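Below: query-v5.txt (compact mmCIF, C-alpha atoms)
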```txt
# COMPACT_ATOMS: atom_id res chain seq x y z
CA MET A 1 0.00 0.00 0.00
CA ALA A 2 2.78 2.40 0.90
CA SER A 3 4.60 1.69 -2.34
CA GLU A 4 1.46 2.46 -4.36
CA GLU A 5 0.99 5.82 -2.61
CA LEU A 6 4.65 6.68 -3.24
CA ALA A 7 4.28 5.78 -6.91
CA LYS A 8 1.21 8.02 -7.23
CA LYS A 9 3.06 10.94 -5.63
CA LEU A 10 6.03 10.50 -7.97
CA GLN A 11 3.72 10.31 -10.97
CA SER A 12 1.86 13.52 -9.95
CA ARG A 13 5.20 15.27 -9.42
CA LEU A 14 6.31 14.24 -12.91
CA VAL A 15 3.06 15.49 -14.45
CA ALA A 16 3.45 18.82 -12.66
CA SER A 17 7.01 19.18 -13.95
CA GLU A 18 5.90 18.51 -17.54
CA GLU A 19 3.12 21.10 -17.23
CA ALA A 20 5.62 23.66 -15.86
CA GLU A 21 7.79 23.20 -18.95
CA THR A 22 4.87 23.88 -21.29
CA LYS A 23 3.46 26.80 -19.22
CA PRO A 24 6.09 29.46 -18.49
CA GLY A 25 5.75 31.05 -15.07
CA LEU A 26 3.93 28.08 -13.53
CA GLU A 27 7.14 26.71 -11.99
CA GLU A 28 7.87 30.05 -10.36
CA ASN A 29 4.36 30.20 -8.93
CA LEU A 30 4.70 26.70 -7.52
CA ALA A 31 8.09 27.57 -6.02
CA THR A 32 6.82 30.63 -4.22
CA ALA A 33 3.31 29.47 -3.35
CA ASP A 34 4.34 27.66 -0.18
CA VAL A 35 6.70 30.36 1.16
CA PRO A 36 5.29 31.74 4.44
CA GLU A 37 4.81 35.48 4.80
CA SER A 38 6.97 35.47 7.92
CA ALA A 39 9.90 34.13 5.91
CA ALA A 40 9.52 36.87 3.31
CA ALA A 41 9.34 39.50 6.03
CA CYS A 42 12.48 38.06 7.62
CA GLY A 43 14.24 38.33 4.26
CA ASP A 44 13.25 41.99 3.93
CA THR A 45 14.54 42.76 7.44
CA SER A 46 17.81 40.99 6.69
CA SER A 47 18.25 42.97 3.47
CA GLU A 48 17.56 46.25 5.26
CA LEU A 49 20.11 45.44 7.97
CA SER A 50 22.66 44.46 5.35
CA ALA A 51 22.13 47.76 3.52
CA LYS A 52 22.67 49.73 6.74
CA LEU A 53 25.86 47.84 7.53
CA ASN A 54 27.17 48.44 4.01
CA ARG A 55 26.34 52.14 4.34
CA ARG A 56 28.32 52.33 7.59
CA LEU A 57 31.31 50.57 5.99
CA ASP A 58 31.20 52.98 3.05
CA ILE A 59 31.14 55.96 5.44
CA ASN A 60 34.16 54.61 7.32
CA ASP A 61 36.02 54.06 4.04
CA GLY A 62 35.07 57.49 2.72
CA ASN A 63 33.12 56.02 -0.21
CA ALA A 64 29.58 56.84 0.91
CA PRO A 65 27.40 58.50 -1.78
CA LEU A 66 26.25 62.00 -1.03
CA ARG A 67 22.73 62.29 0.39
CA THR A 68 20.44 65.22 -0.14
CA SER A 69 20.00 67.00 3.18
CA ARG A 70 17.29 69.29 4.41
CA VAL A 71 17.71 73.02 4.07
CA PHE A 72 19.79 74.37 6.93
CA ASN A 73 18.77 77.71 8.43
CA PRO A 74 21.30 78.82 11.06
CA TYR A 75 19.06 81.62 12.37
CA THR A 76 16.26 79.25 13.35
CA GLU A 77 18.40 76.33 14.49
CA PHE A 78 20.91 78.34 16.53
CA LYS A 79 18.53 80.75 18.27
CA GLU A 80 20.91 81.22 21.18
CA PHE A 81 23.08 83.41 18.93
CA SER A 82 22.17 86.79 17.44
CA ARG A 83 22.11 87.35 13.69
CA LYS A 84 25.30 89.42 13.99
CA GLN A 85 27.10 86.63 15.81
CA ILE A 86 26.07 84.07 13.18
CA LYS A 87 27.13 86.39 10.37
CA ASP A 88 30.50 86.92 12.05
CA MET A 89 30.90 83.15 12.29
CA GLU A 90 29.95 82.79 8.62
CA VAL A 91 32.53 85.39 7.60
CA MET A 92 35.19 83.54 9.57
CA PHE A 93 34.13 80.18 8.10
CA LYS A 94 34.30 81.47 4.52
CA ARG A 95 37.66 83.15 5.17
CA TYR A 96 39.27 79.79 5.92
CA ASP A 97 37.25 77.78 3.40
CA THR A 98 39.94 78.41 0.81
CA GLY A 99 38.63 75.62 -1.42
CA LYS A 100 35.23 77.39 -1.62
CA ASP A 101 33.44 74.04 -1.36
CA GLY A 102 31.41 74.86 1.75
CA PHE A 103 33.64 72.83 4.06
CA ILE A 104 36.77 73.30 6.16
CA ASP A 105 39.00 70.28 5.73
CA LEU A 106 41.99 69.20 7.79
CA MET A 107 44.55 71.42 6.02
CA GLU A 108 42.25 74.45 6.11
CA LEU A 109 41.67 73.89 9.84
CA LYS A 110 45.45 73.64 10.29
CA LEU A 111 45.87 77.04 8.62
CA MET A 112 43.07 78.53 10.74
CA MET A 113 44.60 77.41 14.02
CA GLU A 114 48.03 78.70 12.96
CA LYS A 115 46.53 82.08 12.08
CA LEU A 116 44.77 82.19 15.45
CA GLY A 117 48.06 81.53 17.20
CA ALA A 118 47.13 78.06 18.50
CA PRO A 119 48.76 75.54 16.13
CA GLN A 120 47.74 71.92 16.59
CA THR A 121 49.32 68.57 15.82
CA HIS A 122 47.93 66.42 13.03
CA LEU A 123 46.26 64.16 15.58
CA GLY A 124 44.92 67.19 17.46
CA LEU A 125 43.34 68.55 14.29
CA LYS A 126 41.69 65.20 13.55
CA ASN A 127 40.30 65.05 17.08
CA MET A 128 38.92 68.59 16.73
CA ILE A 129 36.98 67.60 13.61
CA LYS A 130 35.89 64.27 15.08
CA GLU A 131 34.34 65.96 18.12
CA VAL A 132 31.68 67.78 16.04
CA ASP A 133 31.73 65.74 12.81
CA GLU A 134 28.13 64.50 12.80
CA ASP A 135 28.17 62.98 9.30
CA PHE A 136 31.63 61.35 9.60
CA ASP A 137 32.98 62.95 6.41
CA GLY A 138 36.23 64.13 8.03
CA LYS A 139 35.60 67.85 7.54
CA LEU A 140 33.58 70.70 9.01
CA SER A 141 30.37 71.99 7.46
CA PHE A 142 29.09 75.43 8.48
CA ARG A 143 26.55 73.80 10.79
CA GLU A 144 29.26 71.75 12.49
CA PHE A 145 31.36 74.92 12.75
CA LEU A 146 28.50 76.59 14.61
CA LEU A 147 28.28 73.60 16.94
CA ILE A 148 31.75 74.52 18.21
CA PHE A 149 30.48 77.89 19.44
CA ARG A 150 27.27 76.37 20.82
CA ARG A 151 29.26 73.91 22.89
CA ALA A 152 31.66 76.63 23.99
CA ALA A 153 28.74 78.81 25.13
CA ALA A 154 27.24 75.86 27.00
CA GLY A 155 30.52 75.10 28.77
CA GLU A 156 30.73 71.65 27.16
CA LEU A 157 34.32 72.01 25.87
CA GLN A 158 37.44 71.27 27.85
CA GLU A 159 39.47 74.37 28.65
CA ASP A 160 42.65 73.00 27.08
CA SER A 161 40.96 71.59 23.95
CA GLY A 162 41.63 72.79 20.43
CA LEU A 163 37.96 73.64 19.90
CA MET A 164 37.92 75.85 22.98
CA ALA A 165 41.04 77.62 21.72
CA LEU A 166 39.30 78.19 18.36
CA ALA A 167 36.18 79.61 20.01
CA ARG A 168 38.16 81.79 22.44
CA LEU A 169 40.59 83.20 19.86
CA SER A 170 38.00 83.82 17.13
CA GLU A 171 37.10 87.24 18.60
CA ILE A 172 33.42 86.27 18.36
CA ASP A 173 31.52 86.86 21.59
CA VAL A 174 29.79 83.56 22.33
CA ALA A 175 28.40 84.54 25.74
CA THR A 176 25.23 82.62 26.42
CA GLU A 177 22.18 84.65 25.43
CA GLY A 178 19.27 82.24 25.12
CA VAL A 179 17.86 79.44 27.20
CA MET A 180 21.35 77.95 27.50
CA GLY A 181 22.81 78.57 30.95
CA ALA A 182 19.59 79.91 32.53
CA LYS A 183 19.41 79.21 36.27
CA ASP A 184 15.73 78.40 36.43
CA PHE A 185 12.66 78.00 34.26
CA PHE A 186 11.34 81.56 34.62
CA GLU A 187 14.70 83.11 33.86
CA ALA A 188 14.96 80.86 30.81
CA LYS A 189 11.56 81.98 29.56
CA MET A 190 12.45 85.65 29.99
CA GLN A 191 15.74 85.21 28.18
CA ALA A 192 14.04 83.31 25.35
CA LEU A 193 11.57 86.17 24.89
CA SER A 194 14.44 88.66 24.96
CA VAL A 195 16.31 86.76 22.25
CA SER A 196 13.17 86.61 20.10
CA SER A 197 12.60 90.36 20.43
CA LYS A 198 16.24 91.07 19.66
CA PHE A 199 16.07 88.83 16.60
CA GLU A 200 13.02 90.69 15.27
CA ALA A 201 14.65 94.05 16.01
CA GLU A 202 17.72 93.08 14.01
CA ILE A 203 15.54 92.09 11.06
CA ARG A 204 13.75 95.46 11.20
CA GLU A 205 17.09 97.28 11.33
CA GLU A 206 18.31 95.38 8.27
CA LYS A 207 15.13 96.26 6.35
CA GLU A 208 15.44 99.93 7.34
CA GLU A 209 19.05 99.96 6.24
CA ARG A 210 18.13 98.47 2.85
CA LYS A 211 15.36 101.06 2.40
CA LYS A 212 17.79 103.84 3.27
CA GLN A 213 20.27 102.55 0.73
CA GLU A 214 17.56 102.37 -1.95
CA VAL A 215 16.51 105.98 -1.25
CA GLU A 216 20.11 107.17 -1.43
CA LYS A 217 20.61 105.28 -4.67
CA LYS A 218 17.53 106.88 -6.25
CA GLU A 219 18.68 110.33 -5.08
CA ARG A 220 22.09 109.80 -6.66
CA GLN A 221 20.49 108.63 -9.91
CA ALA A 222 18.21 111.69 -9.97
CA ALA A 223 21.13 114.04 -9.29
CA PHE A 224 23.14 112.41 -12.06
CA LYS A 225 20.28 112.79 -14.53
CA GLN A 226 19.94 116.48 -13.65
CA LEU A 227 23.65 116.98 -14.12
CA GLN A 228 23.55 115.12 -17.39
CA SER A 229 20.64 117.19 -18.72
CA ALA A 230 22.45 120.39 -17.71
CA PHE A 231 25.45 119.43 -19.80
CA CYS A 232 23.29 118.46 -22.76
CA SER A 233 21.24 121.69 -22.79
```

Let me see the file written as structure tokens.
Amino acid sequence: MASEELAKKLQSRLVASEEAETKPGLEENLATADVPESAAACGDTSSELSAKLNRRLDINDGNAPLRTSRVFNPYTEFKEFSRKQIKDMEVMFKRYDTGKDGFIDLMELKLMMEKLGAPQTHLGLKNMIKEVDEDFDGKLSFREFLLIFRRAAAGELQEDSGLMALARLSEIDVATEGVMGAKDFFEAKMQALSVSSKFEAEIREEKEERKKQEVEKKERQAAFKQLQSAFCS
């Protein structure tokens, strides 16, 4: 009896194989029909983990493809600093970004520290970048450059560190202005409101200055036209 059942099963398997040869796609359907959903989900999770590990290896090797990042607005993200402070930091950043690529690399940081009178060793420079290098690309973006001053203002840098020397010698006043360093909740709220008002006041001053420049420009153009018509008449 057992041998007859085995023979029937073999015969049905043979028939199914012959039908798969004559009907393309049937074999694939049969192969995947009995795969549990849990197994497929496990495969997806494994693939995702593998992709993340490969991404991390690429980052460590410096071969990671560039990713599109969200728009960075220093005025809204670094509210503890005034617009003038951030602009001063931007001027300093661009001064030492000699490659004009939007980053300060190791050699540019070396030049900066030498100009500031606090030269660092090669290892010291690498450690400076590593301390604020959030994307592990081995160089400083403007956002990471601002993080140096944020951490200095918050008292998070060691006194003898290269980053503290950079912040101290940059001639940019990074005294805490916002919620950072407030002694209690009410003082923090008052300081936050003060920073907001100061921020709005600076924007108004900039708009007034632009209007004043436009008026002066129009007055100069009108005076030039009058002078020109006087010569032509």

Please determine, counting only C-alpha atoms, which residue among A:Gly162, A:Glu144, A:Phe136, A:Lys225 has the shortest atom-to-atom distance to A:Lys110. A:Gly162

For A:Ser141, which residue among A:Asp58, A:Glu90, A:Glu159, A:Glu77 is the nearest when counting only C-alpha atoms?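 Closest to A:Ser141 of all the choices is A:Glu90.
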
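The shortest atom-to-atom distance to A:Lys94, with only C-alpha atoms taken into account, belongs to A:Phe142 out of A:Leu157, A:Glu205, A:Phe142, A:Tyr75.
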
Kindly indicate which residue among A:Thr76, A:Ala118, A:Arg83, A:Asp97 lies nearest to A:Glu206, using only C-alpha atoms for the distances. A:Arg83

I'd like to know which of A:Lys217, A:Gly102, A:Glu131, A:Leu57 is closest to A:Gln158, using all atoms listed in the file. A:Glu131

Can you tell me how far atom CA of A:Glu208 sits from atom CA of A:Leu227, in Å to one decimal?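 Taking atom CA of A:Glu208 as the start and atom CA of A:Leu227 as the end point, the length is 28.6 Å.
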
Just how far from atom CA of A:Arg151 is atom CA of A:Phe81, in Å to one decimal?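 It comes out at 12.0 Å.
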
Long-range neighbours of A:Tyr96 as a list in words, 9 Å cut-off, all atoms listed in the file, 2 positions minimum in chain: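 Here the qualifying residues turn out to be Val91, Met92, Phe93, Lys94, Thr98, Gly99, Lys100, Ile104, Glu108, Leu109, Leu111 and Met112 of chain A.
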
Atomic separation - atom CA of A:Val132 relative to atom CA of A:Ser170, Å: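 That distance, rounded to one decimal, is 17.3 Å.
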
Listed atoms of stretch 159-170 of chain A boxed along x, y and z, 4 Å each side, centre and edge lengths in Å, one decimal, as AutoDock Vina command-line options:
```
--center_x 39.4 --center_y 77.7 --center_z 22.9 --size_x 14.5 --size_y 20.2 --size_z 19.5
```
